[in-house]
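Below is upload30.cif, which holds mmCIF, N, CA, C and O atoms.
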```
data_start
loop_
_atom_site.label_atom_id
_atom_site.label_comp_id
_atom_site.auth_asym_id
_atom_site.auth_seq_id
_atom_site.Cartn_x
_atom_site.Cartn_y
_atom_site.Cartn_z
N THR A 1 9.89 -10.09 -16.43
CA THR A 1 10.26 -11.03 -15.38
C THR A 1 10.86 -10.26 -14.20
O THR A 1 11.18 -9.09 -14.32
N LEU A 2 11.01 -10.96 -13.10
CA LEU A 2 11.67 -10.37 -11.94
C LEU A 2 13.17 -10.56 -12.05
O LEU A 2 13.64 -11.59 -12.53
N SER A 3 13.92 -9.58 -11.58
CA SER A 3 15.37 -9.75 -11.48
C SER A 3 15.74 -10.16 -10.06
O SER A 3 16.79 -10.77 -9.83
N SER A 4 14.86 -9.85 -9.08
CA SER A 4 15.11 -10.27 -7.70
C SER A 4 13.80 -10.35 -6.93
O SER A 4 12.84 -9.64 -7.22
N LEU A 5 13.79 -11.25 -5.95
CA LEU A 5 12.66 -11.42 -5.04
C LEU A 5 13.23 -11.81 -3.69
O LEU A 5 13.88 -12.85 -3.56
N VAL A 6 13.03 -10.93 -2.69
CA VAL A 6 13.59 -11.14 -1.36
C VAL A 6 12.49 -10.96 -0.33
O VAL A 6 11.76 -9.96 -0.37
N LEU A 7 12.37 -11.92 0.60
CA LEU A 7 11.42 -11.82 1.70
C LEU A 7 12.21 -11.77 3.00
O LEU A 7 12.47 -12.79 3.62
N GLY A 8 12.66 -10.57 3.37
CA GLY A 8 13.46 -10.40 4.57
C GLY A 8 14.63 -11.36 4.57
O GLY A 8 15.32 -11.51 3.56
N GLY A 9 14.83 -12.05 5.68
CA GLY A 9 15.91 -13.02 5.78
C GLY A 9 15.48 -14.44 5.47
O GLY A 9 16.21 -15.38 5.73
N LEU A 10 14.27 -14.60 4.90
CA LEU A 10 13.75 -15.94 4.64
C LEU A 10 14.47 -16.59 3.46
O LEU A 10 14.89 -15.91 2.53
N THR A 11 14.57 -17.90 3.51
CA THR A 11 15.16 -18.66 2.42
C THR A 11 14.06 -19.15 1.50
O THR A 11 13.15 -19.85 1.95
N LEU A 12 14.14 -18.76 0.22
CA LEU A 12 13.18 -19.26 -0.76
C LEU A 12 13.60 -20.63 -1.24
O LEU A 12 14.78 -20.88 -1.48
N THR A 13 12.62 -21.52 -1.36
CA THR A 13 12.87 -22.86 -1.91
C THR A 13 11.97 -23.04 -3.11
O THR A 13 10.75 -22.92 -2.97
N PRO A 14 12.53 -23.30 -4.31
CA PRO A 14 13.97 -23.31 -4.60
C PRO A 14 14.54 -21.89 -4.54
O PRO A 14 13.80 -20.92 -4.40
N GLU A 15 15.86 -21.78 -4.68
CA GLU A 15 16.52 -20.48 -4.73
C GLU A 15 15.94 -19.67 -5.88
O GLU A 15 15.58 -20.22 -6.92
N PHE A 16 15.85 -18.32 -5.70
CA PHE A 16 15.20 -17.50 -6.73
C PHE A 16 15.89 -17.65 -8.08
O PHE A 16 17.11 -17.59 -8.21
N ASN A 17 15.04 -17.83 -9.09
CA ASN A 17 15.46 -17.89 -10.49
C ASN A 17 14.32 -17.24 -11.28
O ASN A 17 13.17 -17.64 -11.10
N PRO A 18 14.59 -16.27 -12.14
CA PRO A 18 13.51 -15.56 -12.85
C PRO A 18 12.58 -16.46 -13.66
O PRO A 18 11.44 -16.09 -13.91
N THR A 19 13.04 -17.66 -14.03
CA THR A 19 12.18 -18.55 -14.83
C THR A 19 11.29 -19.43 -13.98
O THR A 19 10.37 -20.06 -14.48
N VAL A 20 11.55 -19.49 -12.67
CA VAL A 20 10.76 -20.32 -11.74
C VAL A 20 9.69 -19.43 -11.11
O VAL A 20 9.99 -18.34 -10.62
N THR A 21 8.44 -19.89 -11.10
CA THR A 21 7.34 -19.04 -10.62
C THR A 21 6.70 -19.51 -9.32
O THR A 21 5.79 -18.86 -8.82
N SER A 22 7.16 -20.61 -8.73
CA SER A 22 6.54 -21.12 -7.51
C SER A 22 7.60 -21.40 -6.45
O SER A 22 8.57 -22.12 -6.71
N TYR A 23 7.38 -20.83 -5.26
CA TYR A 23 8.36 -20.93 -4.16
C TYR A 23 7.66 -21.21 -2.84
O TYR A 23 6.47 -20.94 -2.70
N THR A 24 8.45 -21.67 -1.87
CA THR A 24 7.98 -21.79 -0.49
C THR A 24 9.01 -21.16 0.43
O THR A 24 10.19 -21.03 0.07
N ALA A 25 8.56 -20.77 1.62
CA ALA A 25 9.44 -20.24 2.66
C ALA A 25 8.77 -20.51 3.99
O ALA A 25 7.55 -20.65 4.07
N ALA A 26 9.58 -20.60 5.04
CA ALA A 26 9.06 -20.83 6.39
C ALA A 26 9.58 -19.75 7.32
O ALA A 26 10.70 -19.26 7.16
N THR A 27 8.75 -19.37 8.30
CA THR A 27 9.13 -18.33 9.24
C THR A 27 8.45 -18.53 10.59
O THR A 27 7.41 -19.18 10.68
N THR A 28 9.06 -17.95 11.61
CA THR A 28 8.41 -17.82 12.92
C THR A 28 8.15 -16.35 13.20
O THR A 28 7.56 -16.00 14.21
N ASP A 29 8.59 -15.47 12.29
CA ASP A 29 8.42 -14.02 12.43
C ASP A 29 6.97 -13.62 12.15
O ASP A 29 6.29 -14.27 11.35
N SER A 30 6.53 -12.52 12.75
CA SER A 30 5.18 -12.03 12.46
C SER A 30 5.15 -11.19 11.19
O SER A 30 4.11 -11.07 10.56
N THR A 31 6.30 -10.61 10.81
CA THR A 31 6.39 -9.82 9.58
C THR A 31 7.74 -10.04 8.91
O THR A 31 8.71 -10.41 9.59
N ASN A 32 7.79 -9.82 7.61
CA ASN A 32 9.03 -9.78 6.85
C ASN A 32 8.86 -8.75 5.75
O ASN A 32 7.77 -8.59 5.20
N THR A 33 9.94 -8.08 5.40
CA THR A 33 9.92 -7.11 4.32
C THR A 33 10.01 -7.85 2.99
O THR A 33 10.83 -8.75 2.82
N ILE A 34 9.15 -7.48 2.04
CA ILE A 34 9.16 -8.08 0.71
C ILE A 34 9.71 -7.05 -0.28
O ILE A 34 9.21 -5.93 -0.34
N THR A 35 10.73 -7.46 -1.02
CA THR A 35 11.31 -6.60 -2.04
C THR A 35 11.34 -7.36 -3.35
O THR A 35 11.86 -8.47 -3.41
N ALA A 36 10.76 -6.77 -4.40
CA ALA A 36 10.74 -7.38 -5.72
C ALA A 36 11.12 -6.33 -6.75
O ALA A 36 10.64 -5.20 -6.69
N ALA A 37 12.00 -6.70 -7.67
CA ALA A 37 12.44 -5.79 -8.72
C ALA A 37 12.27 -6.45 -10.08
O ALA A 37 12.62 -7.62 -10.25
N ALA A 38 11.75 -5.68 -11.03
CA ALA A 38 11.57 -6.19 -12.39
C ALA A 38 12.86 -6.04 -13.18
O ALA A 38 13.67 -5.14 -12.92
N SER A 39 13.04 -6.92 -14.17
CA SER A 39 14.21 -6.85 -15.04
C SER A 39 14.18 -5.61 -15.91
O SER A 39 15.22 -5.05 -16.25
N ASP A 40 12.98 -5.17 -16.30
CA ASP A 40 12.80 -4.02 -17.18
C ASP A 40 12.25 -2.86 -16.37
O ASP A 40 11.23 -2.99 -15.69
N SER A 41 12.89 -1.71 -16.46
CA SER A 41 12.46 -0.55 -15.67
C SER A 41 11.08 -0.04 -16.08
O SER A 41 10.44 0.69 -15.33
N ASP A 42 10.59 -0.42 -17.26
CA ASP A 42 9.25 0.00 -17.70
C ASP A 42 8.15 -0.89 -17.14
O ASP A 42 6.97 -0.56 -17.24
N ALA A 43 8.51 -2.02 -16.55
CA ALA A 43 7.52 -2.96 -16.02
C ALA A 43 6.97 -2.48 -14.69
O ALA A 43 7.63 -1.74 -13.96
N THR A 44 5.74 -2.90 -14.37
CA THR A 44 5.17 -2.63 -13.06
C THR A 44 5.14 -3.93 -12.26
O THR A 44 4.96 -5.02 -12.83
N VAL A 45 5.33 -3.82 -10.96
CA VAL A 45 5.33 -4.98 -10.06
C VAL A 45 4.27 -4.74 -9.00
O VAL A 45 4.27 -3.70 -8.34
N VAL A 46 3.35 -5.71 -8.84
CA VAL A 46 2.32 -5.63 -7.81
C VAL A 46 2.51 -6.84 -6.89
O VAL A 46 2.51 -7.99 -7.35
N ILE A 47 2.67 -6.57 -5.59
CA ILE A 47 2.86 -7.62 -4.59
C ILE A 47 1.60 -7.69 -3.75
O ILE A 47 1.10 -6.66 -3.28
N LYS A 48 1.10 -8.90 -3.55
CA LYS A 48 -0.06 -9.10 -2.67
C LYS A 48 0.24 -10.21 -1.68
O LYS A 48 0.79 -11.24 -2.04
N ASN A 49 -0.16 -9.96 -0.44
CA ASN A 49 -0.13 -10.98 0.61
C ASN A 49 -1.60 -11.32 0.84
O ASN A 49 -2.32 -10.56 1.49
N GLY A 50 -2.06 -12.42 0.24
CA GLY A 50 -3.49 -12.69 0.21
C GLY A 50 -4.13 -11.64 -0.67
O GLY A 50 -3.72 -11.45 -1.81
N SER A 51 -5.08 -10.88 -0.13
CA SER A 51 -5.73 -9.82 -0.92
C SER A 51 -5.17 -8.44 -0.58
O SER A 51 -5.61 -7.44 -1.14
N THR A 52 -4.18 -8.38 0.32
CA THR A 52 -3.61 -7.11 0.75
C THR A 52 -2.40 -6.74 -0.10
O THR A 52 -1.45 -7.51 -0.20
N THR A 53 -2.45 -5.55 -0.72
CA THR A 53 -1.32 -5.07 -1.52
C THR A 53 -0.19 -4.64 -0.61
O THR A 53 -0.41 -3.97 0.40
N VAL A 54 1.03 -5.04 -0.96
CA VAL A 54 2.23 -4.70 -0.20
C VAL A 54 3.17 -3.94 -1.13
O VAL A 54 3.48 -4.41 -2.22
N THR A 55 3.62 -2.77 -0.71
CA THR A 55 4.58 -2.00 -1.49
C THR A 55 5.94 -2.65 -1.37
O THR A 55 6.35 -3.05 -0.27
N SER A 56 6.66 -2.77 -2.50
CA SER A 56 8.00 -3.34 -2.47
C SER A 56 8.86 -2.58 -1.47
O SER A 56 8.88 -1.35 -1.46
N GLY A 57 9.53 -3.32 -0.59
CA GLY A 57 10.34 -2.72 0.46
C GLY A 57 9.59 -2.54 1.77
O GLY A 57 10.17 -2.09 2.75
N SER A 58 8.30 -2.92 1.78
CA SER A 58 7.49 -2.81 3.00
C SER A 58 7.27 -4.19 3.61
O SER A 58 7.47 -5.21 2.97
N ALA A 59 6.80 -4.18 4.85
CA ALA A 59 6.60 -5.43 5.58
C ALA A 59 5.24 -6.05 5.27
O ALA A 59 4.24 -5.34 5.15
N ALA A 60 5.24 -7.36 5.15
CA ALA A 60 4.00 -8.14 5.04
C ALA A 60 3.79 -8.81 6.39
O ALA A 60 4.74 -9.26 7.04
N GLU A 61 2.53 -8.84 6.84
CA GLU A 61 2.19 -9.46 8.12
C GLU A 61 1.71 -10.88 7.87
O GLU A 61 0.85 -11.12 7.03
N TRP A 62 2.30 -11.84 8.61
CA TRP A 62 1.95 -13.25 8.43
C TRP A 62 0.97 -13.71 9.49
O TRP A 62 1.05 -13.32 10.65
N THR A 63 0.04 -14.57 9.09
CA THR A 63 -0.83 -15.26 10.03
C THR A 63 -0.28 -16.68 10.20
O THR A 63 0.45 -17.17 9.33
N THR A 64 -0.62 -17.33 11.28
CA THR A 64 -0.16 -18.70 11.50
C THR A 64 -0.70 -19.61 10.41
O THR A 64 -1.87 -19.51 10.05
N GLY A 65 0.17 -20.45 9.88
CA GLY A 65 -0.21 -21.34 8.79
C GLY A 65 0.31 -20.80 7.46
O GLY A 65 1.28 -20.04 7.42
N ALA A 66 -0.35 -21.18 6.37
CA ALA A 66 0.10 -20.80 5.03
C ALA A 66 -0.40 -19.41 4.64
O ALA A 66 -1.56 -19.09 4.84
N ASN A 67 0.51 -18.60 4.10
CA ASN A 67 0.21 -17.27 3.59
C ASN A 67 0.58 -17.23 2.12
O ASN A 67 1.70 -17.57 1.75
N ALA A 68 -0.36 -16.83 1.27
CA ALA A 68 -0.13 -16.82 -0.17
C ALA A 68 0.31 -15.44 -0.63
O ALA A 68 -0.43 -14.47 -0.52
N VAL A 69 1.54 -15.37 -1.15
CA VAL A 69 2.08 -14.12 -1.69
C VAL A 69 2.13 -14.26 -3.21
O VAL A 69 2.62 -15.26 -3.73
N THR A 70 1.58 -13.26 -3.91
CA THR A 70 1.70 -13.24 -5.37
C THR A 70 2.43 -11.97 -5.78
O THR A 70 2.20 -10.90 -5.21
N VAL A 71 3.33 -12.12 -6.75
CA VAL A 71 4.06 -10.99 -7.30
C VAL A 71 3.80 -11.01 -8.79
O VAL A 71 4.19 -11.96 -9.48
N THR A 72 3.11 -9.99 -9.29
CA THR A 72 2.74 -9.93 -10.71
C THR A 72 3.53 -8.84 -11.40
O THR A 72 3.53 -7.69 -10.96
N VAL A 73 4.21 -9.24 -12.47
CA VAL A 73 5.00 -8.31 -13.29
C VAL A 73 4.25 -8.08 -14.59
O VAL A 73 3.90 -9.04 -15.28
N THR A 74 4.00 -6.81 -14.92
CA THR A 74 3.31 -6.46 -16.16
C THR A 74 4.19 -5.50 -16.96
O THR A 74 4.70 -4.52 -16.41
N ASN A 75 4.35 -5.81 -18.24
CA ASN A 75 5.14 -4.95 -19.13
C ASN A 75 4.45 -4.97 -20.48
O ASN A 75 4.59 -5.93 -21.24
N GLY A 76 3.66 -3.93 -20.75
CA GLY A 76 2.86 -3.92 -21.97
C GLY A 76 1.83 -5.03 -21.88
O GLY A 76 1.09 -5.12 -20.90
N GLY A 77 1.79 -5.93 -22.86
CA GLY A 77 0.85 -7.04 -22.84
C GLY A 77 1.39 -8.28 -22.16
O GLY A 77 0.71 -9.30 -22.04
N TYR A 78 2.63 -8.22 -21.65
CA TYR A 78 3.27 -9.36 -21.00
C TYR A 78 2.95 -9.36 -19.51
O TYR A 78 3.15 -8.34 -18.83
N VAL A 79 2.45 -10.48 -18.99
CA VAL A 79 2.16 -10.60 -17.56
C VAL A 79 2.75 -11.92 -17.06
O VAL A 79 2.56 -12.97 -17.68
N LYS A 80 3.50 -11.85 -15.96
CA LYS A 80 4.04 -13.06 -15.34
C LYS A 80 3.80 -12.98 -13.84
O LYS A 80 4.06 -11.94 -13.22
N THR A 81 3.29 -14.07 -13.26
CA THR A 81 2.98 -14.09 -11.83
C THR A 81 3.86 -15.11 -11.12
O THR A 81 3.99 -16.26 -11.57
N TYR A 82 4.46 -14.67 -10.02
CA TYR A 82 5.26 -15.53 -9.15
C TYR A 82 4.46 -15.78 -7.89
O TYR A 82 3.81 -14.86 -7.37
N ASN A 83 4.50 -17.01 -7.38
CA ASN A 83 3.75 -17.38 -6.18
C ASN A 83 4.71 -17.86 -5.10
O ASN A 83 5.59 -18.68 -5.39
N VAL A 84 4.51 -17.37 -3.89
CA VAL A 84 5.30 -17.82 -2.73
C VAL A 84 4.33 -18.21 -1.63
O VAL A 84 3.48 -17.39 -1.24
N THR A 85 4.46 -19.41 -1.11
CA THR A 85 3.70 -19.81 0.06
C THR A 85 4.61 -19.68 1.27
O THR A 85 5.62 -20.38 1.37
N VAL A 86 4.28 -18.74 2.15
CA VAL A 86 5.05 -18.51 3.38
C VAL A 86 4.29 -19.17 4.52
O VAL A 86 3.15 -18.79 4.81
N THR A 87 4.92 -20.14 5.15
CA THR A 87 4.28 -20.85 6.25
C THR A 87 4.86 -20.33 7.57
O THR A 87 6.05 -20.43 7.82
N LYS A 88 3.96 -19.77 8.40
CA LYS A 88 4.36 -19.26 9.72
C LYS A 88 3.99 -20.29 10.76
O LYS A 88 2.84 -20.74 10.82
N SER A 89 4.98 -20.67 11.57
CA SER A 89 4.71 -21.63 12.65
C SER A 89 4.61 -20.92 13.98
O SER A 89 4.91 -19.76 14.10
#
```
Rewrite the coordinates I just gave you, this time as structure tokens.
Amino acid sequence: TLSSLVLGGLTLTPEFNPTVTSYTAATTDSTNTITAAASDSDATVVIKNGSTTVTSGSAAEWTTGANAVTVTVTNGGYVKTYNVTVTKS
């Protein structure tokens, strides 16, 4: 699971909780930095903004309208995916 998920200064709705896998956020910014950390140091985290891979701690570029962000945590045979819809106005 994730121990943290931060999209720049954006507010996630609902507030981040490792057991919740679906979030929304709104922005007027063209980019925000996405940072995701796994609870287990052996796990891998893959962040995608649409089909574009984003390195944790790097900026994702938003298009006007809904942007689909997926964060997939893999640890051995365990896989958990978190989804964030970022709407840029």
If you count all atoms listed in the file, the residue of A:Asp40, A:Ala66, A:Val73, A:Thr55 closest to Ala25 (chain A) turns out to be A:Ala66
Review point. Which value, in Å to one decimal, gives the distance between CA of Ser56 (chain A) and atom C of Asn17 (chain A)?
Key: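 So the two atoms, CA of Ser56 (chain A) and atom C of Asn17 (chain A), lie 17.6 Å apart.
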* Run the PyMOL selection byres ((chain A and resi 9-15) around 6) against the file shown and list the residues it catches, as a list in words. =>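 Output of the PyMOL selection byres ((chain A and resi 9-15) around 6): Leu7, Gly8, Phe16, Asn17, Ser22, Tyr23, Thr24, Ala25, Ala26 and Thr33 of chain A.
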Selection to disk with N, CA, C and O atoms, as a short mmCIF file (atom, residue, chain, number, x, y, z; two decimals), in the coordinates of the input:
```cif
data_model
loop_
_atom_site.label_atom_id
_atom_site.label_comp_id
_atom_site.auth_asym_id
_atom_site.auth_seq_id
_atom_site.Cartn_x
_atom_site.Cartn_y
_atom_site.Cartn_z
N LEU A 7 12.37 -11.92 0.60
CA LEU A 7 11.42 -11.82 1.70
C LEU A 7 12.21 -11.77 3.00
O LEU A 7 12.47 -12.79 3.62
N GLY A 8 12.66 -10.57 3.37
CA GLY A 8 13.46 -10.40 4.57
C GLY A 8 14.63 -11.36 4.57
O GLY A 8 15.32 -11.51 3.56
N PHE A 16 15.85 -18.32 -5.70
CA PHE A 16 15.20 -17.50 -6.73
C PHE A 16 15.89 -17.65 -8.08
O PHE A 16 17.11 -17.59 -8.21
N ASN A 17 15.04 -17.83 -9.09
CA ASN A 17 15.46 -17.89 -10.49
C ASN A 17 14.32 -17.24 -11.28
O ASN A 17 13.17 -17.64 -11.10
N SER A 22 7.16 -20.61 -8.73
CA SER A 22 6.54 -21.12 -7.51
C SER A 22 7.60 -21.40 -6.45
O SER A 22 8.57 -22.12 -6.71
N TYR A 23 7.38 -20.83 -5.26
CA TYR A 23 8.36 -20.93 -4.16
C TYR A 23 7.66 -21.21 -2.84
O TYR A 23 6.47 -20.94 -2.70
N THR A 24 8.45 -21.67 -1.87
CA THR A 24 7.98 -21.79 -0.49
C THR A 24 9.01 -21.16 0.43
O THR A 24 10.19 -21.03 0.07
N ALA A 25 8.56 -20.77 1.62
CA ALA A 25 9.44 -20.24 2.66
C ALA A 25 8.77 -20.51 3.99
O ALA A 25 7.55 -20.65 4.07
N ALA A 26 9.58 -20.60 5.04
CA ALA A 26 9.06 -20.83 6.39
C ALA A 26 9.58 -19.75 7.32
O ALA A 26 10.70 -19.26 7.16
N THR A 33 9.94 -8.08 5.40
CA THR A 33 9.92 -7.11 4.32
C THR A 33 10.01 -7.85 2.99
O THR A 33 10.83 -8.75 2.82
#
```
Between CA of Ala59 (chain A) and CA of Ala38 (chain A) lies a distance of 18.7 Å
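Among the candidate residues A:Val54, A:Ala36, A:Val86, A:Val6, the one lying nearest to Val69 (chain A) is A:Val86, with distances computed using only N, CA, C and O atoms.
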Could you state which residues are captured by the PyMOL selection byres ((chain A and resi 47) around 7) in this file, as a PDB file with N, CA, C and O atoms, keeping the file's coordinate frame?
```pdb
ATOM      1  N   VAL A  45       5.330  -3.820 -10.960  1.00  0.00           N
ATOM      2  CA  VAL A  45       5.330  -4.980 -10.060  1.00  0.00           C
ATOM      3  C   VAL A  45       4.270  -4.740  -9.000  1.00  0.00           C
ATOM      4  O   VAL A  45       4.270  -3.700  -8.340  1.00  0.00           O
ATOM      5  N   VAL A  46       3.350  -5.710  -8.840  1.00  0.00           N
ATOM      6  CA  VAL A  46       2.320  -5.630  -7.810  1.00  0.00           C
ATOM      7  C   VAL A  46       2.510  -6.840  -6.890  1.00  0.00           C
ATOM      8  O   VAL A  46       2.510  -7.990  -7.350  1.00  0.00           O
ATOM      9  N   LYS A  48       1.100  -8.900  -3.550  1.00  0.00           N
ATOM     10  CA  LYS A  48      -0.060  -9.100  -2.670  1.00  0.00           C
ATOM     11  C   LYS A  48       0.240 -10.210  -1.680  1.00  0.00           C
ATOM     12  O   LYS A  48       0.790 -11.240  -2.040  1.00  0.00           O
ATOM     13  N   ASN A  49      -0.160  -9.960  -0.440  1.00  0.00           N
ATOM     14  CA  ASN A  49      -0.130 -10.980   0.610  1.00  0.00           C
ATOM     15  C   ASN A  49      -1.600 -11.320   0.840  1.00  0.00           C
ATOM     16  O   ASN A  49      -2.320 -10.560   1.490  1.00  0.00           O
ATOM     17  N   GLY A  50      -2.060 -12.420   0.240  1.00  0.00           N
ATOM     18  CA  GLY A  50      -3.490 -12.690   0.210  1.00  0.00           C
ATOM     19  C   GLY A  50      -4.130 -11.640  -0.670  1.00  0.00           C
ATOM     20  O   GLY A  50      -3.720 -11.450  -1.810  1.00  0.00           O
ATOM     21  N   THR A  52      -4.180  -8.380   0.320  1.00  0.00           N
ATOM     22  CA  THR A  52      -3.610  -7.110   0.750  1.00  0.00           C
ATOM     23  C   THR A  52      -2.400  -6.740  -0.100  1.00  0.00           C
ATOM     24  O   THR A  52      -1.450  -7.510  -0.200  1.00  0.00           O
ATOM     25  N   THR A  53      -2.450  -5.550  -0.720  1.00  0.00           N
ATOM     26  CA  THR A  53      -1.320  -5.070  -1.520  1.00  0.00           C
ATOM     27  C   THR A  53      -0.190  -4.640  -0.610  1.00  0.00           C
ATOM     28  O   THR A  53      -0.410  -3.970   0.400  1.00  0.00           O
ATOM     29  N   VAL A  54       1.030  -5.040  -0.960  1.00  0.00           N
ATOM     30  CA  VAL A  54       2.230  -4.700  -0.200  1.00  0.00           C
ATOM     31  C   VAL A  54       3.170  -3.940  -1.130  1.00  0.00           C
ATOM     32  O   VAL A  54       3.480  -4.410  -2.220  1.00  0.00           O
ATOM     33  N   THR A  55       3.620  -2.770  -0.710  1.00  0.00           N
ATOM     34  CA  THR A  55       4.580  -2.000  -1.490  1.00  0.00           C
ATOM     35  C   THR A  55       5.940  -2.650  -1.370  1.00  0.00           C
ATOM     36  O   THR A  55       6.350  -3.050  -0.270  1.00  0.00           O
ATOM     37  N   SER A  56       6.660  -2.770  -2.500  1.00  0.00           N
ATOM     38  CA  SER A  56       8.000  -3.340  -2.470  1.00  0.00           C
ATOM     39  C   SER A  56       8.860  -2.580  -1.470  1.00  0.00           C
ATOM     40  O   SER A  56       8.880  -1.350  -1.460  1.00  0.00           O
ATOM     41  N   VAL A  69       1.540 -15.370  -1.150  1.00  0.00           N
ATOM     42  CA  VAL A  69       2.080 -14.120  -1.690  1.00  0.00           C
ATOM     43  C   VAL A  69       2.130 -14.260  -3.210  1.00  0.00           C
ATOM     44  O   VAL A  69       2.620 -15.260  -3.730  1.00  0.00           O
ATOM     45  N   THR A  70       1.580 -13.260  -3.910  1.00  0.00           N
ATOM     46  CA  THR A  70       1.700 -13.240  -5.370  1.00  0.00           C
ATOM     47  C   THR A  70       2.430 -11.970  -5.780  1.00  0.00           C
ATOM     48  O   THR A  70       2.200 -10.900  -5.210  1.00  0.00           O
ATOM     49  N   VAL A  71       3.330 -12.120  -6.750  1.00  0.00           N
ATOM     50  CA  VAL A  71       4.060 -10.990  -7.300  1.00  0.00           C
ATOM     51  C   VAL A  71       3.800 -11.010  -8.790  1.00  0.00           C
ATOM     52  O   VAL A  71       4.190 -11.960  -9.480  1.00  0.00           O
ATOM     53  N   THR A  72       3.110  -9.990  -9.290  1.00  0.00           N
ATOM     54  CA  THR A  72       2.740  -9.930 -10.710  1.00  0.00           C
ATOM     55  C   THR A  72       3.530  -8.840 -11.400  1.00  0.00           C
ATOM     56  O   THR A  72       3.530  -7.690 -10.960  1.00  0.00           O
TER      57      THR A  72
END
```
Item to check | Distance query Thr63 (chain A) at most 8 Å, all atoms listed in the file, self and fewer than 5 positions along chain excluded, as an NGL selection string | outcome: :A and (27 or 29-31 or 86-89)
Residue members of the PyMOL selection byres (((chain A and resi 41 and name CA) around 12) and name CA) in the file shown, as a list in words: Thr1, Leu2, Ser3, Ala37, Ala38, Ser39, Asp40, Asp42, Ala43, Thr44, Val45, Val73, Thr74, Asn75 and Gly76 of chain A
May I have the residues from that selection written out with N, CA, C and O atoms, as a PDB file, in the frame of the given file?
```
ATOM      1  N   THR A   1       9.890 -10.090 -16.430  1.00  0.00           N
ATOM      2  CA  THR A   1      10.260 -11.030 -15.380  1.00  0.00           C
ATOM      3  C   THR A   1      10.860 -10.260 -14.200  1.00  0.00           C
ATOM      4  O   THR A   1      11.180  -9.090 -14.320  1.00  0.00           O
ATOM      5  N   LEU A   2      11.010 -10.960 -13.100  1.00  0.00           N
ATOM      6  CA  LEU A   2      11.670 -10.370 -11.940  1.00  0.00           C
ATOM      7  C   LEU A   2      13.170 -10.560 -12.050  1.00  0.00           C
ATOM      8  O   LEU A   2      13.640 -11.590 -12.530  1.00  0.00           O
ATOM      9  N   SER A   3      13.920  -9.580 -11.580  1.00  0.00           N
ATOM     10  CA  SER A   3      15.370  -9.750 -11.480  1.00  0.00           C
ATOM     11  C   SER A   3      15.740 -10.160 -10.060  1.00  0.00           C
ATOM     12  O   SER A   3      16.790 -10.770  -9.830  1.00  0.00           O
ATOM     13  N   ALA A  37      12.000  -6.700  -7.670  1.00  0.00           N
ATOM     14  CA  ALA A  37      12.440  -5.790  -8.720  1.00  0.00           C
ATOM     15  C   ALA A  37      12.270  -6.450 -10.080  1.00  0.00           C
ATOM     16  O   ALA A  37      12.620  -7.620 -10.250  1.00  0.00           O
ATOM     17  N   ALA A  38      11.750  -5.680 -11.030  1.00  0.00           N
ATOM     18  CA  ALA A  38      11.570  -6.190 -12.390  1.00  0.00           C
ATOM     19  C   ALA A  38      12.860  -6.040 -13.180  1.00  0.00           C
ATOM     20  O   ALA A  38      13.670  -5.140 -12.920  1.00  0.00           O
ATOM     21  N   SER A  39      13.040  -6.920 -14.170  1.00  0.00           N
ATOM     22  CA  SER A  39      14.210  -6.850 -15.040  1.00  0.00           C
ATOM     23  C   SER A  39      14.180  -5.610 -15.910  1.00  0.00           C
ATOM     24  O   SER A  39      15.220  -5.050 -16.250  1.00  0.00           O
ATOM     25  N   ASP A  40      12.980  -5.170 -16.300  1.00  0.00           N
ATOM     26  CA  ASP A  40      12.800  -4.020 -17.180  1.00  0.00           C
ATOM     27  C   ASP A  40      12.250  -2.860 -16.370  1.00  0.00           C
ATOM     28  O   ASP A  40      11.230  -2.990 -15.690  1.00  0.00           O
ATOM     29  N   ASP A  42      10.590  -0.420 -17.260  1.00  0.00           N
ATOM     30  CA  ASP A  42       9.250   0.000 -17.700  1.00  0.00           C
ATOM     31  C   ASP A  42       8.150  -0.890 -17.140  1.00  0.00           C
ATOM     32  O   ASP A  42       6.970  -0.560 -17.240  1.00  0.00           O
ATOM     33  N   ALA A  43       8.510  -2.020 -16.550  1.00  0.00           N
ATOM     34  CA  ALA A  43       7.520  -2.960 -16.020  1.00  0.00           C
ATOM     35  C   ALA A  43       6.970  -2.480 -14.690  1.00  0.00           C
ATOM     36  O   ALA A  43       7.630  -1.740 -13.960  1.00  0.00           O
ATOM     37  N   THR A  44       5.740  -2.900 -14.370  1.00  0.00           N
ATOM     38  CA  THR A  44       5.170  -2.630 -13.060  1.00  0.00           C
ATOM     39  C   THR A  44       5.140  -3.930 -12.260  1.00  0.00           C
ATOM     40  O   THR A  44       4.960  -5.020 -12.830  1.00  0.00           O
ATOM     41  N   VAL A  45       5.330  -3.820 -10.960  1.00  0.00           N
ATOM     42  CA  VAL A  45       5.330  -4.980 -10.060  1.00  0.00           C
ATOM     43  C   VAL A  45       4.270  -4.740  -9.000  1.00  0.00           C
ATOM     44  O   VAL A  45       4.270  -3.700  -8.340  1.00  0.00           O
ATOM     45  N   VAL A  73       4.210  -9.240 -12.470  1.00  0.00           N
ATOM     46  CA  VAL A  73       5.000  -8.310 -13.290  1.00  0.00           C
ATOM     47  C   VAL A  73       4.250  -8.080 -14.590  1.00  0.00           C
ATOM     48  O   VAL A  73       3.900  -9.040 -15.280  1.00  0.00           O
ATOM     49  N   THR A  74       4.000  -6.810 -14.920  1.00  0.00           N
ATOM     50  CA  THR A  74       3.310  -6.460 -16.160  1.00  0.00           C
ATOM     51  C   THR A  74       4.190  -5.500 -16.960  1.00  0.00           C
ATOM     52  O   THR A  74       4.700  -4.520 -16.410  1.00  0.00           O
ATOM     53  N   ASN A  75       4.350  -5.810 -18.240  1.00  0.00           N
ATOM     54  CA  ASN A  75       5.140  -4.950 -19.130  1.00  0.00           C
ATOM     55  C   ASN A  75       4.450  -4.970 -20.480  1.00  0.00           C
ATOM     56  O   ASN A  75       4.590  -5.930 -21.240  1.00  0.00           O
ATOM     57  N   GLY A  76       3.660  -3.930 -20.750  1.00  0.00           N
ATOM     58  CA  GLY A  76       2.860  -3.920 -21.970  1.00  0.00           C
ATOM     59  C   GLY A  76       1.830  -5.030 -21.880  1.00  0.00           C
ATOM     60  O   GLY A  76       1.090  -5.120 -20.900  1.00  0.00           O
TER      61      GLY A  76
END
```
